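Peer 1: Got a file for you: final.tsv, TSV, C-alpha atoms.
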chain	number	residue	atom	x	y	z
A	1	MET	CA	21.95	-1.88	-49.25
A	2	PRO	CA	22.06	-5.69	-49.44
A	3	ALA	CA	25.48	-7.28	-48.91
A	4	THR	CA	24.85	-9.55	-51.90
A	5	GLY	CA	25.99	-6.77	-54.23
A	6	GLY	CA	29.68	-7.52	-53.85
A	7	GLY	CA	32.46	-5.26	-52.71
A	8	ASP	CA	34.72	-5.35	-49.68
A	9	LEU	CA	32.87	-5.95	-46.39
A	10	ARG	CA	35.75	-5.98	-43.90
A	11	GLY	CA	35.04	-3.45	-41.15
A	12	ARG	CA	31.81	-2.19	-42.70
A	13	ARG	CA	28.88	-1.36	-40.46
A	14	VAL	CA	26.08	-3.80	-41.18
A	15	MET	CA	22.61	-4.84	-40.08
A	16	THR	CA	21.30	-8.38	-40.01
A	17	GLY	CA	17.82	-9.82	-39.87
A	18	LEU	CA	14.90	-11.13	-41.82
A	19	PRO	CA	12.19	-9.22	-43.68
A	20	GLY	CA	9.02	-9.18	-41.62
A	21	LEU	CA	10.84	-10.26	-38.46
A	22	GLY	CA	13.25	-7.46	-37.52
A	23	TRP	CA	16.76	-6.02	-37.75
A	24	ARG	CA	19.85	-5.80	-35.57
A	25	ALA	CA	22.32	-2.91	-35.96
A	26	ASP	CA	25.66	-1.82	-34.41
A	27	LEU	CA	27.45	-4.75	-36.01
A	28	ARG	CA	30.58	-5.04	-38.15
A	29	ALA	CA	31.36	-7.48	-40.94
A	30	ASP	CA	34.47	-9.33	-42.01
A	31	GLU	CA	35.22	-10.75	-45.46
A	32	ARG	CA	32.78	-13.23	-46.98
A	33	VAL	CA	33.30	-16.96	-46.46
A	34	VAL	CA	32.19	-19.47	-49.10
A	35	GLN	CA	31.19	-22.94	-47.89
A	36	GLY	CA	30.04	-25.18	-50.71
A	37	SER	CA	27.46	-23.21	-52.68
A	38	ARG	CA	26.60	-20.81	-49.82
A	39	THR	CA	28.19	-17.49	-49.00
A	40	PHE	CA	28.34	-16.31	-45.38
A	41	VAL	CA	29.48	-13.12	-43.71
A	42	PRO	CA	31.25	-13.22	-40.33
A	43	ILE	CA	29.40	-10.72	-38.13
A	44	MET	CA	30.51	-9.35	-34.77
A	45	GLN	CA	29.31	-6.76	-32.31
A	46	GLU	CA	30.93	-3.43	-33.01
A	47	GLN	CA	32.72	-3.46	-29.65
A	48	GLU	CA	34.32	-6.84	-30.44
A	49	TRP	CA	35.43	-5.61	-33.86
A	50	TYR	CA	37.18	-2.61	-32.31
A	51	ARG	CA	38.82	-4.83	-29.66
A	52	ALA	CA	40.05	-7.28	-32.29
A	53	GLU	CA	41.49	-4.49	-34.42
A	54	ALA	CA	43.07	-2.57	-31.52
A	55	GLU	CA	44.59	-5.57	-29.77
A	56	GLN	CA	45.20	-7.71	-32.89
A	57	ILE	CA	43.29	-10.69	-31.46
A	58	GLU	CA	40.70	-13.04	-32.89
A	59	VAL	CA	37.13	-12.83	-31.67
A	60	PHE	CA	34.08	-15.00	-32.22
A	61	ALA	CA	32.10	-14.03	-35.30
A	62	PRO	CA	29.09	-16.15	-36.26
A	63	LEU	CA	28.61	-16.79	-39.96
A	64	VAL	CA	25.40	-15.22	-41.23
A	65	PRO	CA	24.01	-16.07	-44.67
A	66	GLN	CA	24.92	-13.22	-47.03
A	67	GLU	CA	21.29	-12.63	-48.01
A	68	ARG	CA	20.49	-11.70	-44.37
A	69	VAL	CA	23.16	-8.96	-44.21
A	70	TRP	CA	22.64	-5.32	-45.18
A	71	ILE	CA	25.38	-2.69	-45.38
A	72	GLU	CA	24.70	0.58	-43.57
A	73	THR	CA	24.99	3.55	-45.89
A	74	ILE	CA	25.49	7.19	-45.00
A	75	GLY	CA	22.25	9.12	-45.28
A	76	SER	CA	21.77	12.82	-45.78
A	77	ALA	CA	19.80	15.11	-43.55
A	78	PRO	CA	16.12	15.03	-44.47
A	79	ALA	CA	14.33	18.20	-45.39
A	80	SER	CA	12.41	19.41	-42.36
A	81	ASP	CA	8.78	20.23	-43.00
A	82	GLY	CA	7.83	20.54	-39.36
A	83	PRO	CA	6.80	17.87	-36.88
A	84	ARG	CA	6.14	14.39	-38.22
A	85	ASP	CA	3.04	12.45	-37.30
A	86	VAL	CA	3.13	8.74	-36.54
A	87	LEU	CA	1.75	7.75	-39.96
A	88	SER	CA	4.65	9.47	-41.75
A	89	ARG	CA	7.06	7.33	-39.70
A	90	LEU	CA	5.65	3.95	-40.80
A	91	VAL	CA	8.14	1.73	-42.64
A	92	SER	CA	8.16	-1.38	-44.79
A	93	LEU	CA	9.38	-4.55	-43.08
A	94	ASP	CA	10.97	-5.76	-46.35
A	95	ALA	CA	14.37	-4.18	-45.63
A	96	PRO	CA	16.11	-2.23	-42.86
A	97	THR	CA	15.03	1.38	-42.69
A	98	ARG	CA	17.50	4.06	-43.70
A	99	ARG	CA	18.46	6.08	-40.64
A	100	ASP	CA	18.70	9.74	-41.51
A	101	PRO	CA	20.99	12.01	-39.49
A	102	VAL	CA	19.31	14.04	-36.78
A	103	PRO	CA	20.57	17.37	-35.42
A	104	VAL	CA	21.77	16.77	-31.86
A	105	ILE	CA	19.59	19.65	-30.67
A	106	ASP	CA	16.46	17.72	-31.82
A	107	ALA	CA	17.31	14.47	-30.01
A	108	PRO	CA	15.86	13.76	-26.56
A	109	SER	CA	19.11	12.09	-25.43
A	110	VAL	CA	22.53	11.73	-27.04
A	111	LEU	CA	24.58	9.76	-24.48
A	112	GLY	CA	26.30	6.82	-26.19
A	113	ARG	CA	25.02	7.66	-29.65
A	114	ARG	CA	27.13	7.93	-32.81
A	115	VAL	CA	27.94	11.56	-33.55
A	116	VAL	CA	29.06	13.36	-36.68
A	117	GLN	CA	30.91	16.62	-36.05
A	118	MET	CA	30.95	19.24	-38.78
A	119	VAL	CA	34.29	21.09	-39.01
A	120	ASP	CA	34.55	23.70	-41.79
A	121	GLY	CA	32.01	21.78	-43.88
A	122	VAL	CA	33.82	18.44	-43.44
A	123	GLU	CA	32.24	15.52	-41.57
A	124	ARG	CA	34.21	13.96	-38.73
A	125	ARG	CA	32.72	10.52	-38.05
A	126	ASP	CA	33.40	7.55	-35.74
A	127	LEU	CA	32.62	9.57	-32.61
A	128	ARG	CA	30.43	8.65	-29.62
A	129	SER	CA	28.78	11.04	-27.22
A	130	VAL	CA	29.97	10.61	-23.62
A	131	THR	CA	27.54	13.20	-22.21
A	132	ASP	CA	24.11	14.58	-22.86
A	133	LEU	CA	23.79	18.30	-23.60
A	134	TYR	CA	25.10	20.79	-21.05
A	135	SER	CA	25.94	24.48	-20.77
A	136	ASN	CA	29.69	25.17	-20.59
A	137	ALA	CA	31.41	28.00	-18.67
A	138	GLU	CA	30.78	30.45	-21.55
A	139	GLY	CA	27.08	29.55	-21.66
A	140	ASP	CA	27.32	27.58	-24.94
A	141	ILE	CA	25.25	24.40	-25.26
A	142	CYS	CA	27.67	21.52	-25.90
A	143	LEU	CA	28.25	17.80	-25.62
A	144	ARG	CA	31.46	15.86	-25.08
A	145	VAL	CA	32.51	13.18	-27.57
A	146	ALA	CA	35.21	10.53	-27.77
A	147	ALA	CA	36.67	8.61	-30.69
A	148	GLU	CA	34.60	5.46	-31.14
A	149	LEU	CA	37.62	3.20	-30.55
A	150	ASP	CA	38.30	4.96	-27.23
A	151	TRP	CA	34.60	4.72	-26.31
A	152	TYR	CA	34.69	0.93	-26.71
A	153	ARG	CA	38.16	0.59	-25.14
A	154	TRP	CA	36.68	2.25	-22.05
A	155	SER	CA	34.34	-0.73	-21.60
A	156	TRP	CA	36.96	-3.48	-21.93
A	157	THR	CA	39.85	-1.78	-20.07
A	158	GLY	CA	38.23	0.82	-17.83
A	159	GLN	CA	40.60	3.41	-19.32
A	160	LEU	CA	38.78	6.74	-19.57
A	161	PRO	CA	38.66	8.09	-23.13
A	162	LYS	CA	40.06	11.43	-24.20
A	163	THR	CA	37.08	13.64	-24.92
A	164	MET	CA	36.47	16.93	-26.62
A	165	GLU	CA	33.73	19.49	-26.32
A	166	VAL	CA	31.58	20.04	-29.40
A	167	PRO	CA	29.09	22.90	-29.74
A	168	VAL	CA	25.60	21.53	-30.32
A	169	HIS	CA	25.16	23.37	-33.65
A	170	LEU	CA	28.14	21.43	-35.10
A	171	ALA	CA	26.88	17.95	-34.15
A	172	TRP	CA	24.49	15.46	-35.75
A	173	LEU	CA	23.48	11.95	-34.68
A	174	GLU	CA	23.95	9.16	-37.19
Go through the file and emit its structure as structure tokens.
Peer 2:
Amino acid sequence: MPATGGGDLRGRRVMTGLPGLGWRADLRADERVVQGSRTFVPIMQEQEWYRAEAEQIEVFAPLVPQERVWIETIGSAPASDGPRDVLSRLVSLDAPTRRDPVPVIDAPSVLGRRVVQMVDGVERRDLRSVTDLYSNAEGDICLRVAAELDWYRWSWTGQLPKTMEVPVHLAWLE
């Protein structure tokens, strides 16, 4: 949804871009900044946002005009009516496309992707896959995930994240 609608933006996942040109995702926003009659949104790469929050430091965040910022919203799993042809996947270039969750089992690769784990009907978000699918010692198909903060911390410190094994039937990709 467009960021022009108001509401708190700090820490929200956002996309930026221009209709007809393209969109950039995996970004986070900070609170709006008003300069004269224009409103801007400080935008940073998701990794920089996590580093700033974890280490309580300031990072560079370019100011993007508010009308070029869109807030990511949580989608719901689409009804599956079999394989989709290319024509059913065409989108409008007027706004970013909603990304529906995909069962991990249906994805060709999951390494590095955002994962939602279902635990007793409750969604556990802010996870990243640190492996592709594998068969564990019991023969179950699984993937390993880490908390998103730990996933990003791994890149700026080299500290390996704590991971956990998730059965494939309990995991979706955002």
Peer 1: I'd like the neighbourhood of Asp126 (chain A) as a list of chain:residue names, where a residue qualifies if any of its atoms comes within 7 Å (using all atoms listed in the file), though same-chain residues fewer than 6 positions away should be ignored.
Peer 2: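 Near Asp126 (chain A), the qualifying residues are A:Arg114, A:Ala147, A:Glu148.
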Peer 1: So how far away is CA of Leu170 (chain A) from CA of Gly139 (chain A), in Å?
Peer 2: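 Distance reported for this atom pair: 15.7 Å.
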Peer 1: So that I can check the surroundings of Asp8 (chain A), please list as a list in words every protein, DNA and RNA residue that reaches within 8 Å of it, counting only C-alpha atoms and ignoring chain neighbours fewer than 2 positions away.
Peer 2: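 In the requested format, the answer is Gly6, Arg10 and Glu31 of chain A.
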Peer 1: Considering all atoms listed in the file, return as an NGL selection string whatever protein or nucleic-acid residues lie within 12 Å of Arg51 (chain A), sequence-local ones (same chain, fewer than 3 positions apart) excluded.
Peer 2: :A and (28 or 44-48 or 54-60 or 148-157)
Peer 1: When you count all atoms listed in the file, which of these residues is closest to Val119 (chain A): A:Pro19, A:Pro167, A:Gly7, A:Pro62?
Peer 2: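 Looking at the shortest contact to Val119 (chain A), the residue is A:Pro167.
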Peer 1: May I ask for the distance between CA of Ile74 (chain A) and CA of Glu174 (chain A), given in Å to one decimal place?
Peer 2: 8.2 Å
Peer 1: Which residues are close to Pro108 (chain A), i.e. within 12 Å by all atoms listed in the file, leaving aside same-chain residues fewer than 5 positions away? Reply as a list in words.
Peer 2: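 Listed by chain and then number, they are Val102, Pro103, Arg113, Asp132, Leu133 and Leu173 of chain A.
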Peer 1: Suppose we keep C-alpha atoms; can you now write the selection as a JSON list (two decimals), in the coordinates of the input?
Peer 2:
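Final output, saved to out25.json:
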[["chain", "number", "residue", "atom", "x", "y", "z"],
["A", 102, "VAL", "CA", 19.31, 14.04, -36.78],
["A", 103, "PRO", "CA", 20.57, 17.37, -35.42],
["A", 113, "ARG", "CA", 25.02, 7.66, -29.65],
["A", 132, "ASP", "CA", 24.11, 14.58, -22.86],
["A", 133, "LEU", "CA", 23.79, 18.30, -23.60],
["A", 173, "LEU", "CA", 23.48, 11.95, -34.68]]
Peer 1: Check the smallest atom-to-atom distance from each of A:Tyr50, A:Arg144, A:Met15, A:Gln35 to Arg99 (chain A) using only C-alpha atoms, then report the winner.
Peer 2: A:Met15
Peer 1: Nearest to Ser135 (chain A): which of A:Gly158, A:Ser92, A:Arg32, A:Val166 is it, counting only C-alpha atoms?
Peer 2: A:Val166
Peer 1: Mind giving me the axis-aligned box for region 6-21 of chain A with 8 Å on every side, centre plus edges in Å to one decimal, as AutoDock Vina command-line options?
Peer 2:
--center_x 22.4 --center_y -6.2 --center_z -46.2 --size_x 42.7 --size_y 25.8 --size_z 31.4
Peer 1: Quick one: pull the distance between CA of Leu111 (chain A) and CA of Leu21 (chain A), Å, one decimal.
Peer 2: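 For CA of Leu111 (chain A) relative to CA of Leu21 (chain A), the distance reads 28.0 Å.
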Peer 1: Val41 (chain A): which residues within 9 Å, counting all atoms listed in the file, same-chain residues fewer than 3 positions away excluded, as a list in words?
Peer 2: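 The residues satisfying every condition are Ala3, Leu9, Ala29, Asp30, Glu31, Arg32, Val33, Val34, Ala61, Pro62, Leu63, Val64, Pro65, Gln66 and Val69 of chain A.
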